[in-house]
Amino acid sequence: MSGRAAPFYCPYCGDEDLRPSEESNGAWECSSCNRAFQLSFLGLLARGLRSDNGHHGEGGTTA
């Protein structure tokens with residue numbers, strides 16, 4: 001994640017009481033479940049977006 005983005009919920013317990021961790025850059029600590037975690041963006045998928053009907057496209061739904 002970039003320095004501007006922040007998680008809204010703990011991925012383990014769903015609580016919103018998150019604080020940046022001093023241990024690692026980009027790491028977060030949850031005060032509710034006492035867990036530390038780190039989120040990262042891996043990249044875009046090569047296959048692109050698919051709609052429900054299986055055609056490639058820019059997302060959305062078809063009528």
# chains A, B, ... in the order shown; residues from 1 in each chain; ligands from 1
>>> select_by_dssp(residues="region 13-49 of chain A", states="strand (DSSP E or B)", output="VMD selection string")
chain A and resid 18 to 20 27 to 30 35 to 38
>>> closest_residue(among="A:Asp15, A:Pro7, A:Arg50, A:Leu45", to="Trp28 (chain A)", atoms="only C-alpha atoms")
A:Pro7
>>> residues_around(residues="Asn25 (chain A)", least_positions_apart="3", cutoff="9 Å", atoms="only C-alpha atoms", output="ChimeraX atom specification")
/A:3,20-22,28,38
>>> residues_around(residues="Glu16 (chain A)", least_positions_apart="2", cutoff="10 Å", atoms="only C-alpha atoms", output="ChimeraX atom specification")
/A:7-11,13-14,18-19,30-32
>>> atom_distance(atom1="CA of Ala27 (chain A)", atom2="CA of Gly43 (chain A)")
18.7 Å
>>> closest_residue(among="A:Glu23, A:Ser40, A:Glu29, A:Arg47", to="Ala5 (chain A)", atoms="only C-alpha atoms")
A:Ser40
